[in-house]
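This report concerns only the one structure given below.
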Amino acid sequence: MAAHFGRRLRKGAATTAVAAAAVAALSASQAPGAAGDDHGRPASAGASSPAPDAAHDGDATGNSPYYTDLPPLKSPNPSPSSTVGDPVARGEAEAGVPATVLDAYKKAEAELRSSKPGCNLPWQLLAAIGKVESGQARGGRVDADGTTLGRILGPQLDGNGFALIKDTDHGEYDGNSHYDQAIGPMQFIPSTWAWAGRDGNADGKADPNNVYDAALAAGHYLCRNDWDMSTEPGLHSAILSYNNSQDYLNLVLNWLQYYREGAHSVPDGTGGVPSHRSDDGTPRTHTPAPSDPPGTKPGQKPDPKPDPKPHQPGGGSESPDPQPPKPPVPPKQPTPSDTVDHLEDAGTAQLTAMAGDTFGQRIGTRAETRAGTAVAKVRVRFTITGNTDATFAGGETVATVATDAKGVALAPALQAGEKTGDFKITTAVVGHQVKSVGYTATVTARAADTLTRTGDTAMTCTPGGEFAEQIQVKATYKGAAADRVAATATLIKAADDATENDKGPYFKDADGKTVRTLTGLKTDAEGRLTLPKLYADDTTGTFLLRVTTPGGGTVTVELKVAAADASASPSPSPSATS
């Protein structure tokens, strides 16, 4: 699962002979994972372990495990290999990506769109790899800054079922001064992170345990060698460079397709965690003590006492980071957030807006001590979650605001999208876990409270003919033009009976068939709606057409069908004999 990705082959996915041939072919052809520049591929296990052969199945690449659960879709193309894993339970829950993790993927996509526009990296690819590598940071168990709650570690690469990669970082990242281990939500090995690491959250450091840093690093890694993710060769090359296995490629492509077909944010910590790994059935290896005692020399025999809590590959284990900081750092100075006990609502009114409108109410959240005293200068993060296209002003789904002297953080105004229904806004104190408060907002359909006809020409027609004019109406809401409002037009039986008439005037559908109710109509940018042509059957009389909109807008138009007036016909010409 390490981002020592270039030449990994999943155990069981190929024979040793095939593995050796694949690695040799990659090296010879500059295929995915081969060096295209100084950073064409990550630091190789080959520098510290022998090349794979019949006696060493994939140990040159670490053969790191990954999650193999399939997405709950019916065989999206390309169809998965039967050896990839078992399908997860079907349901919409798997489409939910933890909010902070999703934000990190989208920010990485935006940065790469600017710095490497030819790569065309979709955030869904990062989500697919993140799902396979760590279960989206183990279901989004991250703090408000995006750092995982406890490190996510792969197995130690000690040659026992994996490559032999001796320590390259003195335990700085993985807490293991004997062997390297994959680290963080995107599972980089330390030697790769040394050059591939990025600072994705602008805090001045590149941390493999931070989802913003790891997502940006993964994006740059995938975009090296000028691969274009909008093409099949480029996309496949990039994925195979992360893990050179056809099973892995198929699996990631399945999750990529799944997220492209629909994904939404869920609160951090509530995402699903996969349960099947590529190393299921492989004996686990305990990780040695996280650091050597002072004076330990490289190559010295490791402490035989194992870590009492084994690390779990394919998502790793969670540990409270037993490695002492290097170099030592002074004790953390108390900050305002250290005194916060909980967040409270600060009088937020009901959050409701029509689709496309700005919410008239803003969220106010107050930071308080246990005694209820307000705390100023605390950064509060607001995150929009749920299946919605609503955003904060500026188009973001995450906003961070400092509390004022009264301890209140006022979130930016919410902007409703076109999706109607409820969505959530969660809160968190940046860098500090406290009891939070959540909000529900509702987006209603666009509405019009008034409909008027724009013309006053009488609508008349002869039996079997067509009406000369098309009816046009204008919708307004509180006096302003109501654009993109849904409308329904129905030929009704009577003013007090709105059921559909079965005779008289009618519309035609695309196939020329008679219809007397039209749905799915929408007003234009100026609130106007022009109805299709009307036709008359052989029934004469006076009929009614009613147009309605959400919000109470309604207008009724009278239609008359009568035979032509004979008196209006020209007089016959005089007889030639008269």
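Naming works like this for the structure tokens: A, B, ... for the chains as they're shown, residue 1 at the start of each chain, ligands 1 onward in shown order.
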Contacts of region 220-224 of chain A within 6 Å, only C-alpha atoms, excl. fewer than 3 positions in-chain, as a compact mmCIF listing (two decimals) with C-alpha atoms, in the first residue's frame:
# COMPACT_ATOMS: atom_id res chain seq x y z
CA CYS A 119 -2.76 16.23 -16.40
CA ALA A 217 1.43 14.74 -2.98
CA TRP A 227 0.42 11.58 -18.10
CA ALA A 238 -0.78 6.60 -13.53
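The list of residues with at least one atom within 9 Å of Arg546 (chain A), based on only C-alpha atoms and without residues fewer than 5 positions apart in the same chain, reads Thr488, Ala489, Thr490, Leu491, Ile492, Ala495, Ala498, Thr554, Val555, Thr556, Val557 and Glu558 of chain A.
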Which residues are near Leu112 (chain A)? Cut-off 10 Å, only C-alpha atoms, ignore same chain within fewer than 5 positions. Put them as a ChimeraX atom specification. /A:106-107,117-122,216,219-220,223
Within 9 Å of Gly271 (chain A) using only C-alpha atoms, minus same-chain residues under 5 positions, as number ranges by chain: A: 93-94, 96-98, 135-136, 138-141, 266
When DSSP is applied to the backbone of this structure, which of region 335-485 of chain A are assigned helix (DSSP H, G or I)? Write them out as an MDAnalysis selection string. chainID A and resid 336:339
Write a file of the just-selected residues containing N, CA, C and O atoms, as a compact mmCIF listing (two decimals), in the first residue's frame.
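This went into result_17.txt:
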# COMPACT_ATOMS: atom_id res chain seq x y z
N PRO A 336 -6.25 29.84 22.97
CA PRO A 336 -7.67 29.98 23.34
C PRO A 336 -8.46 28.70 23.14
O PRO A 336 -9.35 28.39 23.93
N SER A 337 -8.12 27.94 22.08
CA SER A 337 -8.92 26.73 21.82
C SER A 337 -8.76 25.70 22.93
O SER A 337 -9.64 24.85 23.12
N ASP A 338 -7.63 25.76 23.67
CA ASP A 338 -7.43 24.81 24.76
C ASP A 338 -8.44 25.00 25.88
O ASP A 338 -8.67 24.10 26.68
N THR A 339 -9.02 26.18 25.98
CA THR A 339 -9.98 26.45 27.06
C THR A 339 -11.42 26.18 26.64
O THR A 339 -12.32 26.25 27.46
May I have the residues within 7 Å of region 360-364 of chain A as JSON, numbers by chain, using only C-alpha atoms and disregarding those fewer than 5 positions away in the same chain? {"A": [345, 346, 347, 348, 349, 351, 408, 409, 410, 411, 412, 413]}
Using only C-alpha atoms, which protein or nucleic acid residues come within 10 Å of Lys478 (chain A)? Drop anything in the same chain fewer than 5 positions from it, and give the result as JSON, numbers by chain. {"A": [448, 449, 450]}
Would you mind reading off the distance between CA of Arg198 (chain A) and CA of Leu153 (chain A), one decimal, in Å?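 Value for the CA of Arg198 (chain A)-CA of Leu153 (chain A) distance: 18.9 Å.
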Under the rule that only C-alpha atoms are counted, which of A:Leu529, A:Gly512, A:Gly553, A:Val401 is the nearest residue to Gly479 (chain A)?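 For Gly479 (chain A), the nearest of the candidates is A:Gly553.
From CA of Ala127 (chain A) back to CA of Tyr212 (chain A), the distance works out to 12.3 Å.
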Report the residues of region 492-531 of chain A whose backbone DSSP state falls under strand (DSSP E), written as a PDB file with N, CA, C and O atoms, in the first residue's frame.
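Resulting contents of out.pdb:
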ATOM      1  N   ILE A 492     -58.363  22.048 -18.312  1.00  0.00           N
ATOM      2  CA  ILE A 492     -59.203  21.568 -17.220  1.00  0.00           C
ATOM      3  C   ILE A 492     -60.677  21.548 -17.622  1.00  0.00           C
ATOM      4  O   ILE A 492     -61.100  22.184 -18.598  1.00  0.00           O
ATOM      5  N   LYS A 493     -61.478  20.834 -16.831  1.00  0.00           N
ATOM      6  CA  LYS A 493     -62.899  20.683 -17.151  1.00  0.00           C
ATOM      7  C   LYS A 493     -63.705  21.940 -16.847  1.00  0.00           C
ATOM      8  O   LYS A 493     -64.636  22.295 -17.575  1.00  0.00           O
ATOM      9  N   ALA A 494     -63.402  22.617 -15.734  1.00  0.00           N
ATOM     10  CA  ALA A 494     -64.156  23.812 -15.350  1.00  0.00           C
ATOM     11  C   ALA A 494     -63.343  24.624 -14.364  1.00  0.00           C
ATOM     12  O   ALA A 494     -62.334  24.144 -13.825  1.00  0.00           O
ATOM     13  N   ASP A 497     -63.209  22.793 -11.268  1.00  0.00           N
ATOM     14  CA  ASP A 497     -62.837  21.384 -11.432  1.00  0.00           C
ATOM     15  C   ASP A 497     -61.553  21.315 -12.241  1.00  0.00           C
ATOM     16  O   ASP A 497     -61.556  21.412 -13.473  1.00  0.00           O
ATOM     17  N   ALA A 498     -60.427  21.135 -11.517  1.00  0.00           N
ATOM     18  CA  ALA A 498     -59.110  21.208 -12.155  1.00  0.00           C
ATOM     19  C   ALA A 498     -58.661  19.889 -12.749  1.00  0.00           C
ATOM     20  O   ALA A 498     -57.497  19.776 -13.170  1.00  0.00           O
ATOM     21  N   THR A 499     -59.554  18.908 -12.837  1.00  0.00           N
ATOM     22  CA  THR A 499     -59.164  17.651 -13.475  1.00  0.00           C
ATOM     23  C   THR A 499     -59.031  17.850 -14.981  1.00  0.00           C
ATOM     24  O   THR A 499     -59.649  18.738 -15.565  1.00  0.00           O
ATOM     25  N   GLU A 500     -58.232  16.997 -15.572  1.00  0.00           N
ATOM     26  CA  GLU A 500     -57.942  17.144 -17.000  1.00  0.00           C
ATOM     27  C   GLU A 500     -59.170  16.859 -17.861  1.00  0.00           C
ATOM     28  O   GLU A 500     -59.891  15.882 -17.624  1.00  0.00           O
ATOM     29  N   PHE A 507     -52.557  19.850 -26.737  1.00  0.00           N
ATOM     30  CA  PHE A 507     -51.190  20.021 -27.217  1.00  0.00           C
ATOM     31  C   PHE A 507     -50.777  18.740 -27.944  1.00  0.00           C
ATOM     32  O   PHE A 507     -51.482  17.724 -27.897  1.00  0.00           O
ATOM     33  N   LYS A 508     -49.632  18.780 -28.571  1.00  0.00           N
ATOM     34  CA  LYS A 508     -49.069  17.582 -29.192  1.00  0.00           C
ATOM     35  C   LYS A 508     -47.700  17.292 -28.569  1.00  0.00           C
ATOM     36  O   LYS A 508     -46.917  18.214 -28.306  1.00  0.00           O
ATOM     37  N   THR A 514     -51.861  13.391 -28.910  1.00  0.00           N
ATOM     38  CA  THR A 514     -52.629  14.364 -28.130  1.00  0.00           C
ATOM     39  C   THR A 514     -52.264  14.291 -26.649  1.00  0.00           C
ATOM     40  O   THR A 514     -52.243  13.216 -26.052  1.00  0.00           O
ATOM     41  N   VAL A 515     -51.959  15.448 -26.046  1.00  0.00           N
ATOM     42  CA  VAL A 515     -51.745  15.551 -24.600  1.00  0.00           C
ATOM     43  C   VAL A 515     -52.457  16.806 -24.107  1.00  0.00           C
ATOM     44  O   VAL A 515     -52.499  17.820 -24.802  1.00  0.00           O
ATOM     45  N   THR A 517     -52.030  17.749 -20.652  1.00  0.00           N
ATOM     46  CA  THR A 517     -51.285  18.238 -19.487  1.00  0.00           C
ATOM     47  C   THR A 517     -49.807  18.260 -19.830  1.00  0.00           C
ATOM     48  O   THR A 517     -49.264  17.253 -20.304  1.00  0.00           O
ATOM     49  N   LEU A 518     -49.164  19.391 -19.612  1.00  0.00           N
ATOM     50  CA  LEU A 518     -47.735  19.527 -19.845  1.00  0.00           C
ATOM     51  C   LEU A 518     -47.029  19.768 -18.510  1.00  0.00           C
ATOM     52  O   LEU A 518     -47.398  20.674 -17.756  1.00  0.00           O
ATOM     53  N   THR A 519     -46.021  18.950 -18.212  1.00  0.00           N
ATOM     54  CA  THR A 519     -45.204  19.146 -17.011  1.00  0.00           C
ATOM     55  C   THR A 519     -43.756  19.383 -17.427  1.00  0.00           C
ATOM     56  O   THR A 519     -43.400  19.228 -18.595  1.00  0.00           O
ATOM     57  N   GLY A 520     -42.927  19.758 -16.468  1.00  0.00           N
ATOM     58  CA  GLY A 520     -41.512  19.981 -16.776  1.00  0.00           C
ATOM     59  C   GLY A 520     -41.237  21.293 -17.467  1.00  0.00           C
ATOM     60  O   GLY A 520     -40.129  21.511 -17.965  1.00  0.00           O
ATOM     61  N   LEU A 521     -42.230  22.176 -17.534  1.00  0.00           N
ATOM     62  CA  LEU A 521     -42.021  23.491 -18.134  1.00  0.00           C
ATOM     63  C   LEU A 521     -41.238  24.370 -17.172  1.00  0.00           C
ATOM     64  O   LEU A 521     -41.344  24.220 -15.950  1.00  0.00           O
ATOM     65  N   LYS A 522     -40.471  25.308 -17.705  1.00  0.00           N
ATOM     66  CA  LYS A 522     -39.726  26.233 -16.846  1.00  0.00           C
ATOM     67  C   LYS A 522     -39.697  27.622 -17.449  1.00  0.00           C
ATOM     68  O   LYS A 522     -39.573  27.779 -18.667  1.00  0.00           O
ATOM     69  N   ARG A 528     -40.440  34.462 -18.064  1.00  0.00           N
ATOM     70  CA  ARG A 528     -41.468  34.226 -19.088  1.00  0.00           C
ATOM     71  C   ARG A 528     -41.499  32.754 -19.494  1.00  0.00           C
ATOM     72  O   ARG A 528     -40.492  32.056 -19.480  1.00  0.00           O
ATOM     73  N   LEU A 529     -42.688  32.314 -19.914  1.00  0.00           N
ATOM     74  CA  LEU A 529     -42.890  30.964 -20.396  1.00  0.00           C
ATOM     75  C   LEU A 529     -43.846  31.008 -21.579  1.00  0.00           C
ATOM     76  O   LEU A 529     -44.970  31.513 -21.461  1.00  0.00           O
ATOM     77  N   THR A 530     -43.400  30.515 -22.720  1.00  0.00           N
ATOM     78  CA  THR A 530     -44.247  30.443 -23.914  1.00  0.00           C
ATOM     79  C   THR A 530     -44.663  28.995 -24.118  1.00  0.00           C
ATOM     80  O   THR A 530     -43.808  28.106 -24.246  1.00  0.00           O
TER      81      THR A 530
END
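Closest approach to Asn201 (chain A) among A:Glu133, A:Ala108, A:Ser177, A:Ala95: A:Ala108, based on only C-alpha atoms.
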For Ala196 (chain A), which residue out of A:Gly438, A:Pro505, A:Gly372, A:Pro208 is the nearest one, using only C-alpha atoms?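 When distances to Ala196 (chain A) are compared using only C-alpha atoms, the smallest one comes from A:Pro208.
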Compare A:Asp213, A:Asp404, A:Asp537, A:Asp483 by their minimum atom-to-atom distance to Asp357 (chain A), counting only C-alpha atoms, and give me the closest one.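 Going through A:Asp213, A:Asp404, A:Asp537, A:Asp483 one by one, the smallest distance to Asp357 (chain A) is for A:Asp483.
Between CA of Arg379 (chain A) and CA of Leu149 (chain A) there is a distance of 18.9 Å.
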